[in-house]
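Okay, structure first, notes after.
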Amino acid sequence: MSLLLTLMVYLLITQRARALSLVDERTQDLRVLNITDHLTGVYNRRYFEELMARLLVEANVQHRPLSLIMFDVDHFKHINDRWGHQCGDKVLQALCARIGSATRQTDLLCRTGGEEFALICPDSELDHTRLLAEKLRALINTQPFEDSGRVTCSFGVATWIASESFDSFIRRADTAMYRAKAMGRDQVQAADR
């Protein structure tokens, strides 16, 4: 009888451990789904805002540089209109793959809108970040995409100024990106200080 009872207790403990392990796996799966963009697999806008809030505090406390590259696919509506949304989706996926392969592990790529992205660059000064943005611009521009051919992006670069607000920092990078668009697209512009 005691052997049977021991076996039953063992089976119950084993089943409970498996159930808890499964719950942990599902919780992790849900977390990943909650912070990533379903199409591209990069971080989503909500997580971008969380990351930026945390990284701005760290940059302030540790007196370390933090830079941001905002970029947008030029004439993306034309890609969707001419070749269809499925082609547009493939362009966004390939674009993220290219950028991911050309950046540091510490750089964080986020999709902030339809064809708009942000690349957070911790421990990176403005000059280095501007060079990175130029490298990414050339990587995108010089290698045609499978279905749509040549694609270009406009880039805005900013480095955080001590005690600057989140909104001001984002606005400066965004303004630089829109200046790149206004000046003819397919270029990198640095934010004013």
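Naming works like this for the structure tokens: A, B, ... for the chains as they're shown, residue 1 at the start of each chain, ligands 1 onward in shown order.
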
List every residue of range 29-107 of chain A that DSSP, applied to the backbone, labels as helix (DSSP H, G or I), and write the result as a PyMOL selection string.
chain A and resi 29-35+45-62+76-83+85-101

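Between CA of Thr175 in chain A and CA of Asp192 in chain A the interatomic distance comes to 9.0 Å.
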
Å distance separating CA of Gln86 in chain A from CA of Asp72 in chain A, one decimal place:
18.3 Å

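Ranking A:Asn34, A:Arg46, A:Thr106, A:Leu95 by their shortest atom-to-atom distance to Arg150 in chain A, with only C-alpha atoms included, puts A:Leu95 first.
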
Report as a CSV table (one decimal) with C-alpha atoms, in the first residue's frame all protein, DNA and RNA residues lying within 12 Å of Ile99 in chain A, evaluated on only C-alpha atoms, omitting residues in the same chain fewer than 4 positions from it.
chain,number,residue,atom,x,y,z
A,40,THR,CA,9.0,41.6,-39.0
A,42,VAL,CA,11.6,43.1,-34.4
A,69,ILE,CA,18.2,56.4,-35.7
A,71,PHE,CA,14.1,55.8,-40.6
A,92,LEU,CA,9.8,45.1,-44.6
A,93,GLN,CA,10.9,41.6,-43.5
A,94,ALA,CA,14.0,41.7,-45.7
A,95,LEU,CA,14.8,45.2,-44.6
A,103,THR,CA,24.2,46.2,-36.5
A,104,ARG,CA,25.7,45.3,-33.0
A,105,GLN,CA,23.9,42.9,-30.7
A,107,ASP,CA,21.5,47.9,-31.0
A,108,LEU,CA,17.8,47.5,-30.8
A,109,LEU,CA,15.6,47.6,-33.9
A,110,CYS,CA,11.9,48.5,-33.4
A,117,PHE,CA,11.5,52.1,-37.7
A,118,ALA,CA,13.8,53.1,-34.9
A,119,LEU,CA,17.2,51.8,-34.1
A,132,LEU,CA,26.1,53.5,-39.0
A,133,ALA,CA,23.0,55.1,-40.5
A,134,GLU,CA,25.0,55.9,-43.7
A,135,LYS,CA,26.2,52.2,-43.8
A,136,LEU,CA,22.6,51.0,-43.5
A,137,ARG,CA,21.3,53.5,-46.1
A,138,ALA,CA,23.9,52.2,-48.6
A,139,LEU,CA,23.2,48.5,-47.7
A,140,ILE,CA,19.5,49.1,-48.4
A,153,CYS,CA,15.1,54.9,-46.8

Extract, using only C-alpha atoms, all DNA, RNA and protein residues at most 6 Å from Ala173 in chain A, discarding same-chain residues fewer than 4 positions from it, and format them as a PDB file with N, CA and C atoms, in the first residue's frame.
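Now in selection_23.pdb:
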ATOM      1  N   MET A  70      16.056  57.118 -36.509  1.00  0.00           N
ATOM      2  CA  MET A  70      14.680  56.939 -36.980  1.00  0.00           C
ATOM      3  C   MET A  70      14.775  56.845 -38.501  1.00  0.00           C
ATOM      4  N   GLY A 156      17.069  59.765 -39.885  1.00  0.00           N
ATOM      5  CA  GLY A 156      17.345  60.864 -38.966  1.00  0.00           C
ATOM      6  C   GLY A 156      18.079  60.319 -37.758  1.00  0.00           C
ATOM      7  N   VAL A 157      19.147  61.007 -37.360  1.00  0.00           N
ATOM      8  CA  VAL A 157      20.000  60.544 -36.268  1.00  0.00           C
ATOM      9  C   VAL A 157      20.049  61.601 -35.171  1.00  0.00           C
ATOM     10  N   ALA A 158      19.933  61.159 -33.925  1.00  0.00           N
ATOM     11  CA  ALA A 158      20.065  62.072 -32.782  1.00  0.00           C
ATOM     12  C   ALA A 158      20.784  61.353 -31.649  1.00  0.00           C
ATOM     13  N   ALA A 191      20.273  65.337 -36.263  1.00  0.00           N
ATOM     14  CA  ALA A 191      19.406  66.282 -35.554  1.00  0.00           C
ATOM     15  C   ALA A 191      20.207  67.478 -35.069  1.00  0.00           C
TER      16      ALA A 191
END
